$ cat input08.cif   # mmCIF, C-alpha atoms
data_model
#
loop_
_atom_site.group_PDB
_atom_site.id
_atom_site.type_symbol
_atom_site.label_atom_id
_atom_site.label_comp_id
_atom_site.auth_asym_id
_atom_site.auth_seq_id
_atom_site.Cartn_x
_atom_site.Cartn_y
_atom_site.Cartn_z
ATOM 1 C CA MET A 8 1.315 26.223 -14.676
ATOM 2 C CA ALA A 9 0.234 22.920 -16.152
ATOM 3 C CA ASP A 10 3.725 21.467 -15.650
ATOM 4 C CA GLY A 11 3.695 22.512 -12.010
ATOM 5 C CA GLU A 12 0.331 20.862 -11.478
ATOM 6 C CA THR A 13 1.604 17.621 -13.015
ATOM 7 C CA LYS A 14 4.657 17.564 -10.732
ATOM 8 C CA THR A 15 2.483 18.248 -7.678
ATOM 9 C CA LEU A 16 0.109 15.429 -8.676
ATOM 10 C CA THR A 17 3.014 13.029 -9.191
ATOM 11 C CA LYS A 18 4.430 13.833 -5.754
ATOM 12 C CA SER A 19 0.988 13.423 -4.209
ATOM 13 C CA GLN A 20 0.515 10.028 -5.849
ATOM 14 C CA ALA A 21 3.933 8.874 -4.645
ATOM 15 C CA THR A 22 3.102 9.960 -1.084
ATOM 16 C CA ARG A 23 -0.254 8.219 -1.259
ATOM 17 C CA GLN A 24 1.400 4.991 -2.393
ATOM 18 C CA ALA A 25 3.947 5.238 0.425
ATOM 19 C CA ILE A 26 1.119 5.621 2.932
ATOM 20 C CA LEU A 27 -0.753 2.639 1.522
ATOM 21 C CA HIS A 28 2.313 0.378 1.601
ATOM 22 C CA ALA A 29 3.274 1.459 5.130
ATOM 23 C CA ALA A 30 -0.280 0.953 6.382
ATOM 24 C CA ALA A 31 -0.604 -2.475 4.747
ATOM 25 C CA GLY A 32 2.663 -3.591 6.327
ATOM 26 C CA LEU A 33 1.618 -2.375 9.779
ATOM 27 C CA PHE A 34 -1.849 -3.902 9.502
ATOM 28 C CA HIS A 35 -0.283 -7.222 8.524
ATOM 29 C CA GLU A 36 2.230 -7.096 11.376
ATOM 30 C CA LYS A 37 0.032 -5.808 14.208
ATOM 31 C CA GLY A 38 -3.550 -6.228 13.090
ATOM 32 C CA TYR A 39 -6.089 -3.602 12.120
ATOM 33 C CA ALA A 40 -7.221 -2.598 15.621
ATOM 34 C CA ALA A 41 -3.700 -2.096 16.994
ATOM 35 C CA VAL A 42 -2.603 0.395 14.327
ATOM 36 C CA SER A 43 -3.447 4.096 14.538
ATOM 37 C CA LEU A 44 -3.173 6.792 11.910
ATOM 38 C CA ARG A 45 -0.335 8.229 13.967
ATOM 39 C CA ASP A 46 1.560 4.915 13.669
ATOM 40 C CA ILE A 47 1.119 5.047 9.909
ATOM 41 C CA ALA A 48 2.179 8.696 9.706
ATOM 42 C CA ASP A 49 5.295 7.940 11.782
ATOM 43 C CA ALA A 50 6.186 5.044 9.475
ATOM 44 C CA VAL A 51 6.035 7.355 6.460
ATOM 45 C CA GLY A 52 7.839 10.197 8.250
ATOM 46 C CA MET A 53 5.002 12.698 8.192
ATOM 47 C CA LYS A 54 2.704 14.409 10.674
ATOM 48 C CA THR A 55 -0.693 12.866 11.330
ATOM 49 C CA GLY A 56 -2.411 16.034 10.130
ATOM 50 C CA SER A 57 -0.656 15.742 6.767
ATOM 51 C CA LEU A 58 -1.890 12.176 6.383
ATOM 52 C CA TYR A 59 -5.487 13.449 6.498
ATOM 53 C CA PHE A 60 -4.793 15.262 3.229
ATOM 54 C CA HIS A 61 -4.672 11.852 1.552
ATOM 55 C CA PHE A 62 -7.052 9.768 3.710
ATOM 56 C CA ASP A 63 -9.761 11.133 5.969
ATOM 57 C CA SER A 64 -9.998 8.020 8.157
ATOM 58 C CA LYS A 65 -8.382 4.705 8.990
ATOM 59 C CA GLU A 66 -11.475 2.995 7.619
ATOM 60 C CA GLY A 67 -11.057 4.673 4.232
ATOM 61 C CA LEU A 68 -7.393 3.713 4.170
ATOM 62 C CA VAL A 69 -7.961 0.056 4.975
ATOM 63 C CA GLU A 70 -10.789 -0.215 2.451
ATOM 64 C CA GLU A 71 -8.519 1.038 -0.317
ATOM 65 C CA ILE A 72 -5.857 -1.491 0.684
ATOM 66 C CA LEU A 73 -8.397 -4.316 0.536
ATOM 67 C CA THR A 74 -9.630 -3.123 -2.853
ATOM 68 C CA LEU A 75 -6.116 -2.827 -4.255
ATOM 69 C CA GLY A 76 -5.427 -6.417 -3.250
ATOM 70 C CA THR A 77 -8.548 -8.003 -4.719
ATOM 71 C CA GLN A 78 -9.067 -5.750 -7.723
ATOM 72 C CA GLY A 79 -5.388 -5.855 -8.584
ATOM 73 C CA ALA A 80 -5.360 -9.646 -8.658
ATOM 74 C CA MET A 81 -8.578 -9.814 -10.656
ATOM 75 C CA GLU A 82 -7.414 -7.244 -13.216
ATOM 76 C CA ALA A 83 -4.082 -9.044 -13.631
ATOM 77 C CA SER A 84 -5.881 -12.354 -14.171
ATOM 78 C CA MET A 85 -8.369 -10.916 -16.650
ATOM 79 C CA ALA A 86 -5.577 -9.234 -18.603
ATOM 80 C CA ALA A 87 -3.625 -12.511 -18.768
ATOM 81 C CA VAL A 88 -6.690 -14.397 -19.997
ATOM 82 C CA GLY A 89 -7.506 -11.653 -22.495
ATOM 83 C CA ALA A 90 -3.981 -11.847 -23.920
ATOM 84 C CA LEU A 91 -4.690 -15.454 -24.964
ATOM 85 C CA GLY A 92 -7.202 -14.205 -27.512
ATOM 86 C CA ASP A 93 -10.652 -15.354 -28.507
ATOM 87 C CA GLY A 94 -11.289 -19.068 -28.555
ATOM 88 C CA ALA A 95 -8.509 -19.884 -26.100
ATOM 89 C CA ASP A 96 -8.619 -23.286 -24.418
ATOM 90 C CA PRO A 97 -10.222 -22.825 -20.968
ATOM 91 C CA VAL A 98 -7.446 -24.932 -19.405
ATOM 92 C CA ASP A 99 -4.955 -22.377 -20.710
ATOM 93 C CA LYS A 100 -7.172 -19.630 -19.293
ATOM 94 C CA LEU A 101 -7.039 -21.218 -15.839
ATOM 95 C CA GLU A 102 -3.272 -21.534 -16.094
ATOM 96 C CA ALA A 103 -3.080 -17.831 -16.999
ATOM 97 C CA VAL A 104 -5.147 -16.991 -13.916
ATOM 98 C CA PHE A 105 -2.898 -19.068 -11.654
ATOM 99 C CA THR A 106 0.239 -17.405 -13.009
ATOM 100 C CA ALA A 107 -1.131 -13.856 -12.921
ATOM 101 C CA HIS A 108 -2.679 -14.255 -9.467
ATOM 102 C CA THR A 109 0.387 -15.827 -7.862
ATOM 103 C CA CYS A 110 2.796 -13.323 -9.403
ATOM 104 C CA PHE A 111 0.559 -10.424 -8.342
ATOM 105 C CA LEU A 112 0.457 -11.715 -4.766
ATOM 106 C CA HIS A 113 4.222 -11.680 -4.527
ATOM 107 C CA ASP A 114 4.711 -8.426 -6.443
ATOM 108 C CA ALA A 115 2.167 -6.636 -4.238
ATOM 109 C CA GLU A 116 2.868 -8.598 -1.076
ATOM 110 C CA ASP A 117 1.949 -5.765 1.330
ATOM 111 C CA PHE A 118 -1.566 -5.499 -0.061
ATOM 112 C CA ALA A 119 -2.064 -9.241 -0.508
ATOM 113 C CA SER A 120 -0.858 -10.201 2.960
ATOM 114 C CA GLY A 121 -2.822 -7.341 4.470
ATOM 115 C CA ASN A 122 -5.969 -8.635 2.799
ATOM 116 C CA LEU A 123 -5.532 -12.135 4.169
ATOM 117 C CA LYS A 124 -5.011 -10.970 7.738
ATOM 118 C CA MET A 125 -7.314 -7.966 8.030
ATOM 119 C CA LEU A 126 -10.600 -9.070 6.539
ATOM 120 C CA GLN A 127 -12.029 -10.472 9.781
ATOM 121 C CA GLN A 128 -10.883 -7.428 11.761
ATOM 122 C CA VAL A 129 -12.316 -4.550 9.745
ATOM 123 C CA PRO A 130 -15.747 -2.956 10.362
ATOM 124 C CA PRO A 131 -18.659 -5.082 9.070
ATOM 125 C CA ALA A 132 -19.707 -2.593 6.366
ATOM 126 C CA ILE A 133 -16.210 -2.615 4.856
ATOM 127 C CA ARG A 134 -16.020 -6.406 5.072
ATOM 128 C CA GLU A 135 -19.374 -6.804 3.297
ATOM 129 C CA ARG A 136 -18.317 -4.536 0.435
ATOM 130 C CA HIS A 137 -15.027 -6.360 0.107
ATOM 131 C CA VAL A 138 -16.702 -9.773 0.113
ATOM 132 C CA ARG A 139 -18.804 -8.617 -2.863
ATOM 133 C CA GLN A 140 -15.570 -7.815 -4.732
ATOM 134 C CA GLU A 141 -14.179 -11.238 -3.883
ATOM 135 C CA ARG A 142 -17.367 -12.893 -5.122
ATOM 136 C CA ALA A 143 -17.069 -11.101 -8.464
ATOM 137 C CA TYR A 144 -13.570 -12.508 -8.866
ATOM 138 C CA ALA A 145 -14.699 -15.960 -7.740
ATOM 139 C CA ASP A 146 -17.551 -15.884 -10.269
ATOM 140 C CA TYR A 147 -15.112 -14.994 -13.049
ATOM 141 C CA VAL A 148 -12.881 -17.978 -12.262
ATOM 142 C CA SER A 149 -15.866 -20.252 -11.735
ATOM 143 C CA ARG A 150 -16.986 -19.544 -15.292
ATOM 144 C CA ILE A 151 -13.582 -20.653 -16.571
ATOM 145 C CA ILE A 152 -13.781 -23.881 -14.563
ATOM 146 C CA ASP A 153 -17.302 -24.450 -15.905
ATOM 147 C CA GLU A 154 -15.886 -24.078 -19.427
ATOM 148 C CA ILE A 155 -13.273 -26.704 -18.593
ATOM 149 C CA SER A 156 -15.941 -29.021 -17.247
ATOM 150 C CA ALA A 157 -17.992 -28.612 -20.416
ATOM 151 C CA THR A 158 -15.142 -29.026 -22.904
ATOM 152 C CA HIS A 159 -12.635 -31.325 -21.182
ATOM 153 C CA GLY A 160 -14.542 -32.752 -18.246
ATOM 154 C CA LEU A 161 -13.480 -32.998 -14.621
ATOM 155 C CA ALA A 162 -12.226 -36.182 -12.994
ATOM 156 C CA PRO A 163 -14.834 -38.267 -11.163
ATOM 157 C CA GLY A 164 -15.644 -36.825 -7.739
ATOM 158 C CA ILE A 165 -14.153 -33.388 -8.429
ATOM 159 C CA ASP A 166 -16.427 -30.551 -7.313
ATOM 160 C CA ALA A 167 -15.850 -27.387 -9.380
ATOM 161 C CA SER A 168 -16.543 -25.035 -6.463
ATOM 162 C CA ILE A 169 -14.194 -26.869 -4.111
ATOM 163 C CA LEU A 170 -11.545 -26.983 -6.844
ATOM 164 C CA ARG A 171 -11.672 -23.185 -7.120
ATOM 165 C CA MET A 172 -11.478 -22.645 -3.370
ATOM 166 C CA LEU A 173 -8.641 -25.146 -2.889
ATOM 167 C CA THR A 174 -6.517 -23.690 -5.667
ATOM 168 C CA PHE A 175 -6.996 -20.118 -4.501
ATOM 169 C CA GLY A 176 -6.280 -21.150 -0.949
ATOM 170 C CA ALA A 177 -3.029 -22.737 -2.111
ATOM 171 C CA MET A 178 -1.962 -19.624 -4.034
ATOM 172 C CA ASN A 179 -2.854 -17.229 -1.232
ATOM 173 C CA TRP A 180 -1.168 -19.355 1.416
ATOM 174 C CA SER A 181 2.083 -19.322 -0.572
ATOM 175 C CA ILE A 182 2.752 -15.852 0.859
ATOM 176 C CA SER A 183 3.255 -17.458 4.276
ATOM 177 C CA TRP A 184 5.846 -20.047 3.240
ATOM 178 C CA TYR A 185 7.460 -18.479 0.183
ATOM 179 C CA ASP A 186 11.266 -18.549 0.139
ATOM 180 C CA PRO A 187 12.941 -16.171 -2.359
ATOM 181 C CA LYS A 188 15.811 -18.671 -2.635
ATOM 182 C CA GLY A 189 13.460 -21.414 -3.758
ATOM 183 C CA ARG A 190 10.919 -21.624 -6.559
ATOM 184 C CA THR A 191 9.718 -18.431 -8.218
ATOM 185 C CA PRO A 192 6.034 -17.392 -8.014
ATOM 186 C CA ARG A 193 5.636 -18.426 -11.652
ATOM 187 C CA GLN A 194 7.091 -21.872 -10.886
ATOM 188 C CA ILE A 195 4.745 -22.211 -7.914
ATOM 189 C CA ALA A 196 1.808 -21.494 -10.236
ATOM 190 C CA ASP A 197 3.163 -24.073 -12.710
ATOM 191 C CA GLN A 198 3.306 -26.695 -9.953
ATOM 192 C CA LEU A 199 -0.292 -25.979 -8.992
ATOM 193 C CA MET A 200 -1.452 -26.208 -12.594
ATOM 194 C CA THR A 201 0.355 -29.541 -12.974
ATOM 195 C CA LEU A 202 -1.609 -30.876 -9.991
ATOM 196 C CA VAL A 203 -4.853 -29.692 -11.577
ATOM 197 C CA ARG A 204 -4.023 -31.166 -14.983
ATOM 198 C CA ARG A 205 -3.073 -34.553 -13.507
ATOM 199 C CA GLY A 206 -5.613 -34.802 -10.738
ATOM 200 C CA ALA A 207 -8.669 -32.654 -11.456
ATOM 201 C CA LEU A 208 -9.161 -32.951 -15.213
ATOM 202 C CA ALA A 209 -10.845 -35.931 -16.774
ATOM 203 C CA ALA A 210 -8.421 -38.473 -18.211
ATOM 204 C CA PRO A 211 -8.056 -38.104 -21.995
ATOM 205 C CA GLN A 212 -9.676 -40.815 -24.061
ATOM 206 C CA SER A 213 -7.168 -43.415 -25.283
ATOM 207 C CA GLY A 214 -7.338 -45.207 -28.605
ATOM 208 C CA PRO A 215 -9.417 -44.346 -31.667
ATOM 209 C CA PRO A 216 -12.962 -43.101 -31.142
ATOM 210 C CA ALA A 217 -15.622 -45.778 -31.215
ATOM 211 C CA ARG A 218 -17.469 -46.089 -34.518
ATOM 212 C CA SER A 219 -21.189 -45.816 -34.512
ATOM 213 C CA LYS A 220 -23.008 -48.896 -35.703
ATOM 214 C CA LYS A 221 -24.916 -48.636 -38.949
ATOM 215 C CA PRO A 222 -28.599 -49.447 -38.656
ATOM 216 C CA SER A 223 -29.547 -52.893 -39.950
ATOM 217 C CA LYS A 224 -31.334 -53.065 -43.285
ATOM 218 C CA VAL A 225 -33.299 -56.096 -42.173
#

$ encode --input "input08.cif" --output "structure tokens"
Amino acid sequence: MADGETKTLTKSQATRQAILHAAAGLFHEKGYAAVSLRDIADAVGMKTGSLYFHFDSKEGLVEEILTLGTQGAMEASMAAVGALGDGADPVDKLEAVFTAHTCFLHDAEDFASGNLKMLQQVPPAIRERHVRQERAYADYVSRIIDEISATHGLAPGIDASILRMLTFGAMNWSISWYDPKGRTPRQIADQLMTLVRRGALAAPQSGPPARSKKPSKV
């Protein structure tokens, strides 16, 4: 009995994943408003009524896709940073985020690309909830950049908030121009981190540190 229940659950999970991937692909291709539950059911090869067993509405389906995209990227980034251990250099933490985020985008391209295209098309209530998730991720990365600013310093004129938005924009946009025959997602992240190291971080101090003057005895 228990074995049968496990097999049924596994089949159900596989079907649910197939629905999510098909829906994300259709939403990315046609836009949220132009896709119906029947379109999604047809893409998976099932009847629309059967799809309701897994999702009771198009709104519920799209919200899960948005969550999978943002939460998946955040969890991958946090795991990569956590693997560095306590006391890790914040610059290394940021590099771990870039690598994990970029690789996740390309591993879960359906969900990532769907996120980028659908957010302005979904119902306002869903968009507001999703924006809160994005802010939580942004706050997490902002704290890492603040650590960098405190320990290494940022180059003159570099705004920490703009740095975060520019780097995430660059990673997210890579989905649009990525060529599988070219650089790998990890190499793309390395290139971005090189730009940050050379252009956004404060220049390291050269020469021996200045000695403090001893107070005069006079």

$ resolve_selection --input "input08.cif" --expression "the PyMOL selection byres ((chain A and resi 28) around 12)" --output "PyMOL selection string"
chain A and resi 21-27+29-35+47-48+50-51+68-69+71-73+75-76+115-121

$ write_last_selection --input "input08.cif" --atoms "C-alpha atoms" --output "JSON list (two decimals), keeping the file's coordinate frame"
[["chain", "number", "residue", "atom", "x", "y", "z"],
["A", 21, "ALA", "CA", 3.93, 8.87, -4.64],
["A", 22, "THR", "CA", 3.10, 9.96, -1.08],
["A", 23, "ARG", "CA", -0.25, 8.22, -1.26],
["A", 24, "GLN", "CA", 1.40, 4.99, -2.39],
["A", 25, "ALA", "CA", 3.95, 5.24, 0.42],
["A", 26, "ILE", "CA", 1.12, 5.62, 2.93],
["A", 27, "LEU", "CA", -0.75, 2.64, 1.52],
["A", 29, "ALA", "CA", 3.27, 1.46, 5.13],
["A", 30, "ALA", "CA", -0.28, 0.95, 6.38],
["A", 31, "ALA", "CA", -0.60, -2.48, 4.75],
["A", 32, "GLY", "CA", 2.66, -3.59, 6.33],
["A", 33, "LEU", "CA", 1.62, -2.38, 9.78],
["A", 34, "PHE", "CA", -1.85, -3.90, 9.50],
["A", 35, "HIS", "CA", -0.28, -7.22, 8.52],
["A", 47, "ILE", "CA", 1.12, 5.05, 9.91],
["A", 48, "ALA", "CA", 2.18, 8.70, 9.71],
["A", 50, "ALA", "CA", 6.19, 5.04, 9.48],
["A", 51, "VAL", "CA", 6.04, 7.36, 6.46],
["A", 68, "LEU", "CA", -7.39, 3.71, 4.17],
["A", 69, "VAL", "CA", -7.96, 0.06, 4.97],
["A", 71, "GLU", "CA", -8.52, 1.04, -0.32],
["A", 72, "ILE", "CA", -5.86, -1.49, 0.68],
["A", 73, "LEU", "CA", -8.40, -4.32, 0.54],
["A", 75, "LEU", "CA", -6.12, -2.83, -4.26],
["A", 76, "GLY", "CA", -5.43, -6.42, -3.25],
["A", 115, "ALA", "CA", 2.17, -6.64, -4.24],
["A", 116, "GLU", "CA", 2.87, -8.60, -1.08],
["A", 117, "ASP", "CA", 1.95, -5.76, 1.33],
["A", 118, "PHE", "CA", -1.57, -5.50, -0.06],
["A", 119, "ALA", "CA", -2.06, -9.24, -0.51],
["A", 120, "SER", "CA", -0.86, -10.20, 2.96],
["A", 121, "GLY", "CA", -2.82, -7.34, 4.47]]

$ residues_around --input "input08.cif" --residues "Tyr144 in chain A" --least-positions-apart "2" --cutoff "12 Å" --atoms "only C-alpha atoms" --output "count of residues only"
28

$ atom_distance --input "input08.cif" --atom1 "CA of Gly38 in chain A" --atom2 "CA of Pro192 in chain A"
25.7 Å

$ resolve_selection --input "input08.cif" --expression "the PyMOL selection byres ((chain A and resi 159) around 10)" --output "PyMOL selection string"
chain A and resi 96-98+153-158+160-162+208-211

$ atom_distance --input "input08.cif" --atom1 "CA of Met125 in chain A" --atom2 "CA of Leu170 in chain A"
24.5 Å

$ atom_distance --input "input08.cif" --atom1 "CA of Thr109 in chain A" --atom2 "CA of Ala207 in chain A"
19.4 Å

$ axis_aligned_box --input "input08.cif" --around "range 93-109 of chain A" --padding-each-side "3 Å" --output "lines of an AutoDock Vina configuration file"
center_x = -5.5
center_y = -19.4
center_z = -18.2
size_x = 17.7
size_y = 17.1
size_z = 26.7

$ closest_residue --input "input08.cif" --among "A:Ala107, A:Val88, A:Ile152, A:Leu199" --to "Gly176 in chain A" --atoms "only C-alpha atoms"
A:Leu199

$ residues_around --input "input08.cif" --residues "Thr55 in chain A" --least-positions-apart "6" --cutoff "12 Å" --atoms "all atoms listed in the file" --output "PyMOL selection string"
chain A and resi 26+43-49+61-65

$ resolve_selection --input "input08.cif" --expression "the PyMOL selection byres ((chain A and resi 197) around 12)" --output "short mmCIF file (atom, residue, chain, number, x, y, z; two decimals) with C-alpha atoms, in the frame of the given file"
data_model
loop_
_atom_site.label_atom_id
_atom_site.label_comp_id
_atom_site.auth_asym_id
_atom_site.auth_seq_id
_atom_site.Cartn_x
_atom_site.Cartn_y
_atom_site.Cartn_z
CA ASP A 99 -4.96 -22.38 -20.71
CA LEU A 101 -7.04 -21.22 -15.84
CA GLU A 102 -3.27 -21.53 -16.09
CA ALA A 103 -3.08 -17.83 -17.00
CA VAL A 104 -5.15 -16.99 -13.92
CA PHE A 105 -2.90 -19.07 -11.65
CA THR A 106 0.24 -17.40 -13.01
CA ALA A 107 -1.13 -13.86 -12.92
CA HIS A 108 -2.68 -14.26 -9.47
CA THR A 109 0.39 -15.83 -7.86
CA CYS A 110 2.80 -13.32 -9.40
CA THR A 174 -6.52 -23.69 -5.67
CA MET A 178 -1.96 -19.62 -4.03
CA ARG A 190 10.92 -21.62 -6.56
CA THR A 191 9.72 -18.43 -8.22
CA PRO A 192 6.03 -17.39 -8.01
CA ARG A 193 5.64 -18.43 -11.65
CA GLN A 194 7.09 -21.87 -10.89
CA ILE A 195 4.74 -22.21 -7.91
CA ALA A 196 1.81 -21.49 -10.24
CA GLN A 198 3.31 -26.70 -9.95
CA LEU A 199 -0.29 -25.98 -8.99
CA MET A 200 -1.45 -26.21 -12.59
CA THR A 201 0.36 -29.54 -12.97
CA LEU A 202 -1.61 -30.88 -9.99
CA VAL A 203 -4.85 -29.69 -11.58
CA ARG A 204 -4.02 -31.17 -14.98
#

$ closest_residue --input "input08.cif" --among "A:Gly52, A:Arg136, A:Phe111, A:Ser57" --to "Asn179 in chain A" --atoms "all atoms listed in the file"
A:Phe111

$ decode --input "input08.cif" --residues "range 41-59 of chain A" --atoms "N, CA, C and O atoms" --output "PDB file, in the first residue's frame"
ATOM      1  N   ALA A  41      -2.287  35.591 -23.475  1.00  0.00           N
ATOM      2  CA  ALA A  41      -2.630  34.834 -24.692  1.00  0.00           C
ATOM      3  C   ALA A  41      -2.666  33.323 -24.476  1.00  0.00           C
ATOM      4  O   ALA A  41      -3.057  32.581 -25.377  1.00  0.00           O
ATOM      5  N   VAL A  42      -2.289  32.865 -23.315  1.00  0.00           N
ATOM      6  CA  VAL A  42      -2.216  31.417 -23.057  1.00  0.00           C
ATOM      7  C   VAL A  42      -3.369  30.999 -22.159  1.00  0.00           C
ATOM      8  O   VAL A  42      -3.611  31.610 -21.112  1.00  0.00           O
ATOM      9  N   SER A  43      -4.082  29.951 -22.565  1.00  0.00           N
ATOM     10  CA  SER A  43      -5.177  29.414 -21.765  1.00  0.00           C
ATOM     11  C   SER A  43      -4.753  28.099 -21.125  1.00  0.00           C
ATOM     12  O   SER A  43      -3.752  27.488 -21.512  1.00  0.00           O
ATOM     13  N   LEU A  44      -5.525  27.662 -20.149  1.00  0.00           N
ATOM     14  CA  LEU A  44      -5.248  26.366 -19.539  1.00  0.00           C
ATOM     15  C   LEU A  44      -5.376  25.244 -20.569  1.00  0.00           C
ATOM     16  O   LEU A  44      -4.666  24.242 -20.494  1.00  0.00           O
ATOM     17  N   ARG A  45      -6.258  25.426 -21.530  1.00  0.00           N
ATOM     18  CA  ARG A  45      -6.389  24.417 -22.581  1.00  0.00           C
ATOM     19  C   ARG A  45      -5.114  24.335 -23.411  1.00  0.00           C
ATOM     20  O   ARG A  45      -4.683  23.240 -23.790  1.00  0.00           O
ATOM     21  N   ASP A  46      -4.504  25.478 -23.715  1.00  0.00           N
ATOM     22  CA  ASP A  46      -3.221  25.482 -24.450  1.00  0.00           C
ATOM     23  C   ASP A  46      -2.165  24.692 -23.687  1.00  0.00           C
ATOM     24  O   ASP A  46      -1.399  23.916 -24.268  1.00  0.00           O
ATOM     25  N   ILE A  47      -2.136  24.915 -22.372  1.00  0.00           N
ATOM     26  CA  ILE A  47      -1.135  24.238 -21.543  1.00  0.00           C
ATOM     27  C   ILE A  47      -1.411  22.734 -21.502  1.00  0.00           C
ATOM     28  O   ILE A  47      -0.499  21.916 -21.634  1.00  0.00           O
ATOM     29  N   ALA A  48      -2.688  22.376 -21.332  1.00  0.00           N
ATOM     30  CA  ALA A  48      -3.055  20.962 -21.300  1.00  0.00           C
ATOM     31  C   ALA A  48      -2.687  20.283 -22.615  1.00  0.00           C
ATOM     32  O   ALA A  48      -2.166  19.163 -22.632  1.00  0.00           O
ATOM     33  N   ASP A  49      -2.957  20.953 -23.730  1.00  0.00           N
ATOM     34  CA  ASP A  49      -2.618  20.389 -25.051  1.00  0.00           C
ATOM     35  C   ASP A  49      -1.111  20.167 -25.175  1.00  0.00           C
ATOM     36  O   ASP A  49      -0.659  19.173 -25.736  1.00  0.00           O
ATOM     37  N   ALA A  50      -0.328  21.111 -24.653  1.00  0.00           N
ATOM     38  CA  ALA A  50       1.128  21.009 -24.755  1.00  0.00           C
ATOM     39  C   ALA A  50       1.663  19.817 -23.958  1.00  0.00           C
ATOM     40  O   ALA A  50       2.674  19.218 -24.329  1.00  0.00           O
ATOM     41  N   VAL A  51       0.965  19.468 -22.887  1.00  0.00           N
ATOM     42  CA  VAL A  51       1.392  18.343 -22.058  1.00  0.00           C
ATOM     43  C   VAL A  51       0.781  17.028 -22.535  1.00  0.00           C
ATOM     44  O   VAL A  51       1.223  15.950 -22.152  1.00  0.00           O
ATOM     45  N   GLY A  52      -0.264  17.134 -23.390  1.00  0.00           N
ATOM     46  CA  GLY A  52      -0.936  15.934 -23.879  1.00  0.00           C
ATOM     47  C   GLY A  52      -1.962  15.387 -22.906  1.00  0.00           C
ATOM     48  O   GLY A  52      -2.115  14.176 -22.749  1.00  0.00           O
ATOM     49  N   MET A  53      -2.683  16.308 -22.247  1.00  0.00           N
ATOM     50  CA  MET A  53      -3.703  15.877 -21.300  1.00  0.00           C
ATOM     51  C   MET A  53      -4.963  16.707 -21.501  1.00  0.00           C
ATOM     52  O   MET A  53      -4.930  17.738 -22.193  1.00  0.00           O
ATOM     53  N   LYS A  54      -6.062  16.258 -20.927  1.00  0.00           N
ATOM     54  CA  LYS A  54      -7.310  17.003 -21.013  1.00  0.00           C
ATOM     55  C   LYS A  54      -7.281  18.158 -20.002  1.00  0.00           C
ATOM     56  O   LYS A  54      -6.653  18.058 -18.948  1.00  0.00           O
ATOM     57  N   THR A  55      -7.999  19.218 -20.341  1.00  0.00           N
ATOM     58  CA  THR A  55      -8.013  20.388 -19.464  1.00  0.00           C
ATOM     59  C   THR A  55      -8.523  20.029 -18.083  1.00  0.00           C
ATOM     60  O   THR A  55      -8.000  20.502 -17.067  1.00  0.00           O
ATOM     61  N   GLY A  56      -9.532  19.160 -18.016  1.00  0.00           N
ATOM     62  CA  GLY A  56     -10.076  18.754 -16.726  1.00  0.00           C
ATOM     63  C   GLY A  56      -9.039  18.076 -15.853  1.00  0.00           C
ATOM     64  O   GLY A  56      -9.037  18.243 -14.626  1.00  0.00           O
ATOM     65  N   SER A  57      -8.135  17.315 -16.473  1.00  0.00           N
ATOM     66  CA  SER A  57      -7.090  16.629 -15.708  1.00  0.00           C
ATOM     67  C   SER A  57      -6.083  17.624 -15.151  1.00  0.00           C
ATOM     68  O   SER A  57      -5.490  17.404 -14.090  1.00  0.00           O
ATOM     69  N   LEU A  58      -5.879  18.727 -15.874  1.00  0.00           N
ATOM     70  CA  LEU A  58      -4.927  19.731 -15.410  1.00  0.00           C
ATOM     71  C   LEU A  58      -5.399  20.356 -14.097  1.00  0.00           C
ATOM     72  O   LEU A  58      -4.589  20.704 -13.242  1.00  0.00           O
ATOM     73  N   TYR A  59      -6.736  20.462 -13.931  1.00  0.00           N
ATOM     74  CA  TYR A  59      -7.272  21.058 -12.706  1.00  0.00           C
ATOM     75  C   TYR A  59      -6.961  20.223 -11.468  1.00  0.00           C
ATOM     76  O   TYR A  59      -7.047  20.722 -10.344  1.00  0.00           O
TER      77      TYR A  59
END
